[in-house]
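Below is the file final_26.tsv, which contains TSV, C-alpha atoms.
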```
chain	number	residue	atom	x	y	z
A	1	MET	CA	13.61	-22.05	-46.97
A	2	ILE	CA	16.24	-22.52	-49.70
A	3	PRO	CA	16.53	-19.36	-51.85
A	4	ILE	CA	15.13	-19.74	-55.35
A	5	ILE	CA	18.46	-18.66	-56.90
A	6	LEU	CA	20.22	-21.51	-55.06
A	7	ILE	CA	17.70	-24.02	-56.41
A	8	LEU	CA	18.26	-22.72	-59.93
A	9	ILE	CA	22.01	-22.95	-59.61
A	10	GLN	CA	21.88	-26.43	-58.12
A	11	SER	CA	19.71	-27.56	-61.02
A	12	ILE	CA	22.28	-26.23	-63.47
A	13	PHE	CA	25.53	-27.21	-61.83
A	14	ILE	CA	24.72	-30.23	-59.67
A	15	ASN	CA	21.81	-32.11	-61.28
A	16	PRO	CA	23.34	-35.22	-62.88
A	17	THR	CA	20.64	-35.35	-65.55
A	18	ILE	CA	22.14	-32.18	-67.02
A	19	TYR	CA	25.85	-32.91	-66.75
A	20	SER	CA	26.17	-36.66	-66.41
A	21	SER	CA	29.65	-38.09	-66.03
A	22	SER	CA	28.40	-41.18	-67.86
A	23	GLN	CA	27.54	-39.22	-71.02
A	24	PRO	CA	29.73	-40.20	-73.99
A	25	GLU	CA	32.63	-37.79	-74.38
A	26	GLU	CA	31.68	-37.20	-78.02
A	27	LEU	CA	28.52	-35.40	-76.82
A	28	GLY	CA	30.36	-32.98	-74.56
A	29	LYS	CA	28.32	-31.40	-71.74
A	30	VAL	CA	25.12	-30.61	-73.61
A	31	ASN	CA	21.94	-32.21	-72.27
A	32	TRP	CA	20.72	-33.92	-75.46
A	33	LEU	CA	17.41	-35.41	-76.43
A	34	ARG	CA	17.86	-38.67	-78.30
A	35	ASN	CA	14.49	-38.83	-80.06
A	36	PHE	CA	14.08	-36.69	-83.18
A	37	ASP	CA	10.25	-36.52	-83.13
A	38	GLN	CA	10.30	-35.60	-79.46
A	39	GLY	CA	12.71	-32.79	-80.29
A	40	ILE	CA	10.52	-31.48	-83.10
A	41	ASN	CA	7.44	-31.52	-80.86
A	42	LYS	CA	9.29	-29.74	-78.08
A	43	ALA	CA	10.58	-27.15	-80.57
A	44	ALA	CA	7.00	-26.46	-81.68
A	45	THR	CA	5.87	-26.04	-78.08
A	46	GLU	CA	8.76	-23.80	-77.04
A	47	GLN	CA	9.04	-22.05	-80.42
A	48	LYS	CA	12.74	-22.75	-80.78
A	49	PRO	CA	14.88	-24.15	-83.60
A	50	VAL	CA	16.29	-27.66	-83.27
A	51	PHE	CA	20.05	-28.04	-82.89
A	52	LEU	CA	20.61	-31.40	-84.58
A	53	LEU	CA	23.95	-33.12	-84.03
A	54	PHE	CA	24.98	-36.10	-86.15
A	55	GLN	CA	27.82	-37.71	-84.26
A	56	GLU	CA	29.78	-40.95	-84.22
A	57	VAL	CA	29.49	-42.49	-80.74
A	58	PRO	CA	31.86	-44.02	-79.82
A	59	GLY	CA	33.88	-42.05	-82.31
A	60	CYS	CA	37.25	-41.18	-83.73
A	61	SER	CA	39.61	-38.53	-82.35
A	62	THR	CA	37.86	-35.80	-84.36
A	63	CYS	CA	34.55	-36.73	-82.76
A	64	ARG	CA	36.05	-36.88	-79.27
A	65	ASN	CA	37.84	-33.57	-79.74
A	66	TYR	CA	34.60	-31.98	-80.93
A	67	GLY	CA	32.93	-33.13	-77.74
A	68	HIS	CA	35.74	-31.78	-75.56
A	69	ASN	CA	36.57	-28.53	-77.38
A	70	VAL	CA	33.26	-27.39	-78.86
A	71	LEU	CA	30.41	-29.14	-77.08
A	72	SER	CA	31.97	-28.56	-73.65
A	73	HIS	CA	32.61	-24.83	-73.98
A	74	PRO	CA	30.36	-23.44	-71.22
A	75	LEU	CA	28.87	-20.57	-73.24
A	76	ILE	CA	28.30	-22.77	-76.29
A	77	VAL	CA	26.62	-25.38	-74.08
A	78	GLU	CA	24.41	-22.71	-72.55
A	79	ALA	CA	23.42	-21.29	-75.92
A	80	ILE	CA	22.56	-24.73	-77.33
A	81	GLU	CA	20.47	-25.65	-74.31
A	82	GLU	CA	18.67	-22.34	-73.80
A	83	LEU	CA	18.14	-21.08	-77.33
A	84	PHE	CA	17.61	-24.37	-79.17
A	85	ILE	CA	16.25	-27.87	-78.68
A	86	PRO	CA	19.35	-30.10	-78.76
A	87	VAL	CA	18.91	-33.53	-80.38
A	88	ALA	CA	21.78	-35.99	-80.89
A	89	ILE	CA	21.64	-38.61	-83.64
A	90	PHE	CA	24.29	-41.33	-83.62
A	91	ASN	CA	25.51	-41.92	-87.16
A	92	ASN	CA	26.77	-45.43	-86.40
A	93	LYS	CA	23.58	-46.94	-84.98
A	94	GLY	CA	20.46	-48.54	-86.42
A	95	GLY	CA	16.82	-48.02	-85.48
A	96	GLU	CA	15.50	-44.47	-85.10
A	97	ASP	CA	18.98	-42.97	-85.53
A	98	ALA	CA	19.34	-44.65	-88.93
A	99	LYS	CA	15.93	-43.36	-90.03
A	100	VAL	CA	16.89	-39.75	-89.28
A	101	LEU	CA	20.26	-40.27	-90.94
A	102	LYS	CA	18.48	-41.46	-94.09
A	103	MET	CA	15.97	-38.60	-93.95
A	104	TYR	CA	18.79	-36.06	-94.17
A	105	ASN	CA	20.99	-38.18	-96.43
A	106	GLU	CA	23.80	-38.02	-93.88
A	107	PRO	CA	26.65	-40.53	-94.21
A	108	SER	CA	27.23	-43.23	-91.62
A	109	TRP	CA	30.40	-43.40	-89.51
A	110	ASN	CA	31.12	-39.76	-90.24
A	111	ASN	CA	32.75	-36.85	-88.44
A	112	PRO	CA	30.43	-34.44	-86.58
A	113	VAL	CA	27.78	-32.62	-88.60
A	114	VAL	CA	25.44	-29.95	-87.23
A	115	ARG	CA	22.11	-29.00	-88.76
A	116	ILE	CA	19.85	-26.34	-87.31
A	117	VAL	CA	16.31	-27.03	-88.46
A	118	GLY	CA	12.83	-25.65	-87.91
A	119	VAL	CA	9.70	-27.52	-86.88
A	120	ASP	CA	9.19	-28.21	-90.59
A	121	LYS	CA	12.43	-30.23	-90.37
A	122	GLU	CA	14.05	-28.01	-93.01
A	123	ASN	CA	17.48	-26.42	-92.63
A	124	ILE	CA	17.39	-22.85	-91.36
A	125	VAL	CA	21.06	-22.36	-92.28
A	126	PRO	CA	23.48	-24.53	-94.28
A	127	ARG	CA	24.70	-27.64	-92.46
A	128	VAL	CA	28.00	-27.31	-90.61
A	129	SER	CA	30.32	-29.99	-91.96
A	130	GLY	CA	34.11	-30.12	-92.09
A	131	ASN	CA	34.36	-27.18	-89.69
A	132	TYR	CA	35.09	-28.53	-86.23
A	133	SER	CA	35.84	-25.19	-84.58
A	134	GLN	CA	34.00	-23.34	-81.85
A	135	LEU	CA	33.54	-20.48	-84.29
A	136	GLY	CA	31.83	-22.71	-86.85
A	137	VAL	CA	29.02	-23.70	-84.54
A	138	VAL	CA	28.65	-20.26	-82.93
A	139	GLN	CA	28.30	-18.59	-86.34
A	140	ALA	CA	25.66	-21.15	-87.34
A	141	MET	CA	23.70	-20.49	-84.14
A	142	VAL	CA	23.80	-16.72	-84.58
A	143	ARG	CA	22.69	-16.94	-88.23
A	144	ALA	CA	19.91	-19.37	-87.38
A	145	LEU	CA	18.58	-17.11	-84.65
A	146	GLU	CA	18.72	-14.11	-86.97
A	147	LYS	CA	16.85	-15.97	-89.71
A	148	SER	CA	14.31	-17.19	-87.16
A	149	LYS	CA	13.87	-13.61	-85.94
A	150	LYS	CA	14.84	-14.61	-82.42
A	151	SER	CA	16.63	-12.31	-80.00
A	152	ILE	CA	20.35	-13.01	-79.68
A	153	PRO	CA	21.95	-12.52	-76.26
A	154	THR	CA	24.90	-10.16	-76.13
A	155	TYR	CA	27.23	-12.82	-74.73
A	156	LEU	CA	26.74	-14.93	-77.88
A	157	TYR	CA	27.51	-11.98	-80.16
A	158	LEU	CA	30.63	-11.22	-78.12
A	159	LEU	CA	31.72	-14.85	-78.25
A	160	GLN	CA	31.35	-14.87	-82.02
A	161	GLU	CA	33.26	-11.59	-82.28
A	162	GLU	CA	36.15	-12.87	-80.18
A	163	LEU	CA	36.39	-16.30	-81.82
A	164	ARG	CA	36.35	-14.77	-85.30
A	165	ALA	CA	39.00	-12.22	-84.40
A	166	ARG	CA	41.26	-14.87	-82.85
A	167	GLU	CA	40.91	-17.08	-85.91
A	168	GLU	CA	41.33	-14.39	-88.57
A	169	GLY	CA	43.90	-12.33	-86.69
A	170	THR	CA	43.85	-9.26	-84.48
A	171	GLU	CA	45.87	-6.06	-84.61
A	172	THR	CA	47.32	-4.18	-81.64
A	173	ALA	CA	47.21	-0.56	-80.57
A	174	ILE	CA	49.29	0.72	-77.62
A	175	LEU	CA	48.18	4.02	-76.16
A	176	SER	CA	49.49	6.02	-73.22
A	177	MET	CA	47.40	8.18	-70.91
A	178	TYR	CA	47.44	9.74	-67.47
A	179	CYS	CA	45.85	6.66	-65.86
A	180	PHE	CA	45.74	3.24	-67.47
A	181	TRP	CA	42.80	2.15	-65.32
A	182	THR	CA	40.79	5.02	-66.80
A	183	GLY	CA	42.13	4.21	-70.25
A	184	GLU	CA	41.14	0.57	-70.01
A	185	LYS	CA	37.71	1.61	-68.80
A	186	HIS	CA	37.15	3.72	-71.92
A	187	LEU	CA	38.92	1.64	-74.56
A	188	GLY	CA	37.48	-1.71	-73.46
A	189	ASN	CA	34.01	-0.62	-74.53
A	190	ILE	CA	34.83	0.16	-78.17
A	191	PRO	CA	33.02	-2.22	-80.55
A	192	GLY	CA	35.61	-4.42	-82.25
A	193	VAL	CA	38.01	-4.35	-79.30
A	194	VAL	CA	38.69	-7.96	-78.31
A	195	GLU	CA	41.00	-7.54	-75.34
A	196	THR	CA	42.62	-4.83	-73.22
A	197	GLN	CA	45.65	-4.96	-70.94
A	198	ALA	CA	46.79	-2.16	-68.65
A	199	GLY	CA	50.51	-1.89	-68.01
A	200	PHE	CA	53.74	0.02	-68.50
A	201	MET	CA	55.95	0.76	-71.52
A	202	ASN	CA	59.00	2.98	-71.61
A	203	GLY	CA	58.07	4.35	-68.19
A	204	LYS	CA	54.56	5.32	-69.29
A	205	GLU	CA	51.18	3.98	-68.25
A	206	VAL	CA	49.65	2.36	-71.33
A	207	VAL	CA	46.76	0.21	-72.46
A	208	LYS	CA	47.46	-2.49	-75.01
A	209	VAL	CA	44.39	-3.03	-77.16
A	210	ALA	CA	43.81	-6.08	-79.35
A	211	PHE	CA	41.15	-5.36	-81.96
A	212	ASP	CA	39.45	-6.88	-84.98
A	213	PRO	CA	40.45	-4.78	-88.02
A	214	ASP	CA	37.32	-5.94	-89.85
A	215	LEU	CA	35.16	-4.24	-87.22
A	216	VAL	CA	37.21	-1.19	-86.24
A	217	ASN	CA	40.33	0.31	-87.78
A	218	TYR	CA	43.42	1.58	-86.04
A	219	GLY	CA	42.72	5.21	-86.87
A	220	ALA	CA	39.26	5.05	-85.33
A	221	ILE	CA	40.70	3.70	-82.09
A	222	VAL	CA	43.34	6.44	-81.90
A	223	LYS	CA	40.76	9.15	-82.66
A	224	GLN	CA	38.38	7.88	-79.99
A	225	ALA	CA	41.22	7.54	-77.51
A	226	GLN	CA	42.26	11.13	-78.25
A	227	LEU	CA	38.72	12.38	-77.61
A	228	LEU	CA	38.79	10.58	-74.26
A	229	SER	CA	42.22	11.99	-73.33
A	230	CYS	CA	43.68	8.50	-73.63
A	231	ALA	CA	46.21	9.11	-76.39
A	232	SER	CA	48.85	11.46	-74.99
A	233	GLN	CA	51.38	9.13	-76.63
A	234	VAL	CA	51.20	6.16	-78.98
A	235	PHE	CA	53.71	3.33	-79.34
A	236	THR	CA	54.10	1.36	-82.55
A	237	ASP	CA	56.66	-0.32	-84.79
A	238	SER	CA	54.33	-0.34	-87.80
A	239	ARG	CA	54.96	2.24	-90.51
A	240	ASP	CA	51.26	2.40	-91.37
A	241	GLN	CA	50.26	2.85	-87.74
A	242	PHE	CA	52.99	5.49	-87.29
A	243	GLN	CA	51.64	7.51	-90.20
A	244	THR	CA	48.03	7.15	-89.07
A	245	ALA	CA	48.75	8.09	-85.46
A	246	SER	CA	50.98	10.99	-86.51
A	247	SER	CA	48.19	12.45	-88.62
A	248	ILE	CA	45.87	12.36	-85.60
A	249	ILE	CA	48.01	13.32	-82.60
A	250	GLY	CA	51.22	14.56	-84.24
A	251	SER	CA	54.47	12.68	-84.90
A	252	PRO	CA	56.26	13.90	-81.70
A	253	ALA	CA	53.73	11.88	-79.70
A	254	VAL	CA	54.39	8.65	-81.61
A	255	SER	CA	57.28	6.41	-80.52
A	256	LYS	CA	58.64	2.93	-81.10
A	257	THR	CA	57.49	0.21	-78.75
A	258	GLY	CA	59.47	-1.12	-75.82
A	259	SER	CA	58.94	-4.00	-73.42
A	260	PHE	CA	55.43	-4.24	-72.01
A	261	ARG	CA	54.85	-5.03	-68.33
A	262	GLN	CA	51.31	-5.76	-67.26
A	263	ASP	CA	49.83	-4.00	-64.26
A	264	SER	CA	49.72	-6.08	-61.08
A	265	GLN	CA	45.97	-5.42	-60.85
A	266	PRO	CA	44.58	-6.35	-64.27
A	267	LYS	CA	41.02	-5.19	-64.98
A	268	TYR	CA	41.08	-2.89	-61.97
A	269	TYR	CA	37.36	-2.09	-61.79
A	270	LEU	CA	36.31	-5.69	-62.36
A	271	ALA	CA	38.95	-6.91	-59.88
A	272	ASN	CA	37.40	-4.91	-57.07
A	273	THR	CA	33.98	-6.60	-57.31
A	274	HIS	CA	32.63	-10.12	-56.84
A	275	TYR	CA	32.42	-10.41	-60.63
A	276	ARG	CA	36.14	-11.23	-60.62
A	277	TYR	CA	35.20	-14.76	-59.61
A	278	VAL	CA	33.01	-15.31	-62.69
A	279	PRO	CA	34.70	-17.12	-65.62
A	280	MET	CA	34.54	-14.89	-68.71
A	281	THR	CA	36.03	-14.57	-72.16
A	282	GLN	CA	38.61	-11.82	-72.63
A	283	THR	CA	36.12	-9.69	-74.57
A	284	GLN	CA	33.49	-10.10	-71.87
A	285	ALA	CA	36.01	-9.12	-69.21
A	286	SER	CA	36.92	-5.95	-71.11
A	287	ARG	CA	33.26	-4.95	-71.48
A	288	VAL	CA	32.41	-5.83	-67.88
A	289	ASN	CA	35.42	-3.90	-66.55
A	290	SER	CA	34.36	-0.90	-68.62
A	291	ALA	CA	30.75	-1.07	-67.45
A	292	ILE	CA	31.71	-1.30	-63.78
A	293	GLY	CA	34.18	1.54	-64.18
A	294	GLN	CA	31.38	3.70	-65.56
A	295	GLY	CA	29.04	2.81	-62.71
A	296	LYS	CA	26.80	0.58	-64.84
A	297	SER	CA	25.58	-2.96	-64.29
A	298	PRO	CA	27.70	-5.44	-66.30
A	299	ASP	CA	25.01	-8.11	-66.43
A	300	SER	CA	23.99	-7.39	-70.02
A	301	TYR	CA	27.37	-8.77	-71.14
A	302	LEU	CA	26.99	-12.00	-69.16
A	303	SER	CA	24.99	-15.13	-69.85
A	304	SER	CA	22.21	-16.20	-67.50
A	305	ARG	CA	24.46	-18.82	-65.93
A	306	GLN	CA	27.29	-16.34	-65.45
A	307	GLN	CA	24.86	-14.00	-63.71
A	308	GLU	CA	23.78	-16.88	-61.48
A	309	ILE	CA	27.41	-17.62	-60.62
A	310	ALA	CA	27.93	-13.95	-59.73
A	311	GLN	CA	24.88	-14.01	-57.47
A	312	PHE	CA	25.98	-17.26	-55.82
A	313	VAL	CA	29.49	-16.08	-54.99
A	314	LYS	CA	28.10	-12.78	-53.72
A	315	GLU	CA	25.88	-14.69	-51.32
A	316	HIS	CA	28.73	-16.99	-50.21
A	317	PRO	CA	31.68	-14.63	-49.60
A	318	GLY	CA	33.33	-16.97	-47.11
A	319	ARG	CA	34.29	-19.57	-49.68
A	320	ASN	CA	37.80	-19.64	-51.04
A	321	TRP	CA	36.91	-18.35	-54.52
A	322	ASP	CA	39.70	-17.83	-57.06
A	323	SER	CA	39.88	-14.77	-59.28
A	324	GLN	CA	39.08	-15.71	-62.87
A	325	ILE	CA	40.64	-12.63	-64.46
A	326	ASN	CA	42.97	-13.72	-67.28
A	327	GLN	CA	42.19	-17.38	-66.55
A	328	ASP	CA	41.06	-20.04	-69.00
A	329	LEU	CA	37.27	-19.99	-69.24
A	330	ILE	CA	36.68	-23.75	-69.44
A	331	THR	CA	39.10	-24.61	-66.62
A	332	GLY	CA	37.69	-21.88	-64.41
A	333	TRP	CA	34.12	-22.96	-65.10
A	334	GLU	CA	34.87	-26.56	-64.13
A	335	LYS	CA	36.53	-25.39	-60.90
A	336	ILE	CA	33.67	-23.15	-59.88
A	337	GLU	CA	31.10	-25.86	-60.65
A	338	GLU	CA	32.98	-28.10	-58.25
A	339	MET	CA	33.17	-25.43	-55.56
A	340	MET	CA	29.49	-24.52	-55.87
A	341	GLY	CA	28.60	-28.15	-55.39
A	342	ASN	CA	30.46	-28.42	-52.09
```
Take the structure I supplied and represent it as structure tokens, if you would.
Amino acid sequence: MIPIILILIQSIFINPTIYSSSQPEELGKVNWLRNFDQGINKAATEQKPVFLLFQEVPGCSTCRNYGHNVLSHPLIVEAIEELFIPVAIFNNKGGEDAKVLKMYNEPSWNNPVVRIVGVDKENIVPRVSGNYSQLGVVQAMVRALEKSKKSIPTYLYLLQEELRAREEGTETAILSMYCFWTGEKHLGNIPGVVETQAGFMNGKEVVKVAFDPDLVNYGAIVKQAQLLSCASQVFTDSRDQFQTASSIIGSPAVSKTGSFRQDSQPKYYLANTHYRYVPMTQTQASRVNSAIGQGKSPDSYLSSRQQEIAQFVKEHPGRNWDSQINQDLITGWEKIEEMMGN
């Protein structure tokens, strides 16, 4: 008998009705409904909002790029398919598409527009127009779920946090401690931390922390690191950071930065489990590494499909899986889909 988990994974990664190679590139990898009324009825049955895409198909470079860069991001695809009812309306066609276009007063032959609507066909959040970024659509999904009083999976919050930080700019803290694996385990779990890297600087074991200053400030990171015995020394070239760190751990323990060399075993705790084969964002990897290092299950930080990948590779250890640590999420996801289908 074929295990149930294998059937589930095959339905996600192999079934051509979900990821059809013949689907127009402007639609990405989302499994879309093409009938608006069918989508509304399904939304009522499943009690989900409708993710309504107005797209030019075939379309211009903006439309194609939106399909490749936004609508093909694995975690965005998963969120659209699992948390919403996805319906695609072509803005350059007649018939039923034109009727829906007119209903929402959307222009023809236009760049991508996203509306998230309820079963009453009204907008739950403002339409997404002129913003063709991954962040734009993720923020709209999170807000729509909040307004609809739906639970929001942790992976979607983390994706929003990382995308926003990358777009608006992160700051860096470099802290030295007796063991950078231990340091990364503790520091990678701080809310607002986007990425951690264990390595060496000026002969010391350090952890380089990229963080979102809108969510956590530099002083808070140094204070928490000190409490965890992960701030025996701090490296910085910033005057403000020097003053802040000096006030917390004393100026003798604060030095200028040098060249950083990453550890040969990045994400040590993650790297020693089968989870290393699961494509993740940098923020997910930091949280997962921290959870494993503390003896906890990391699954709460992963999407359902990522958990299914982890289970699949665990059950098939003989395959030539590649570590996904510090690898591009989309490229890694495509590779593992291919390998799981063999």
Non-local contacts of A:Glu78 (9 Å; all atoms listed in the file; under 6 positions in same chain excluded) as a VMD selection string:
chain A and resid 30 303 to 305
Pull C-alpha atoms from the residues just selected and write them as a PDB file, in the frame of the given file.
```pdb
ATOM      1  CA  VAL A  30      25.120 -30.610 -73.610  1.00  0.00           C
ATOM      2  CA  SER A 303      24.990 -15.130 -69.850  1.00  0.00           C
ATOM      3  CA  SER A 304      22.210 -16.200 -67.500  1.00  0.00           C
ATOM      4  CA  ARG A 305      24.460 -18.820 -65.930  1.00  0.00           C
TER       5      ARG A 305
END
```
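Distance-wise, atom CA of A:Glu146 and atom CA of A:Glu168 end up 22.7 Å apart.
For the pair atom CA of A:Asn110 and atom CA of A:Ala44, the interatomic distance is 28.8 Å.
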Restricting to all atoms listed in the file, whichever of A:Ile249, A:Thr45, A:Gln38, A:Gly169 is closest to A:Gln226 is A:Ile249
Do a neighbour search on stretch 157-160 of chain A at 12 Å with only C-alpha atoms, toss out local chain neighbours closer than 5 positions, and write the hits as a ChimeraX atom specification.
/A:73-76,79,133-143,145-146,151-152,165-168,189,191-195,212,280-288,300-303,329
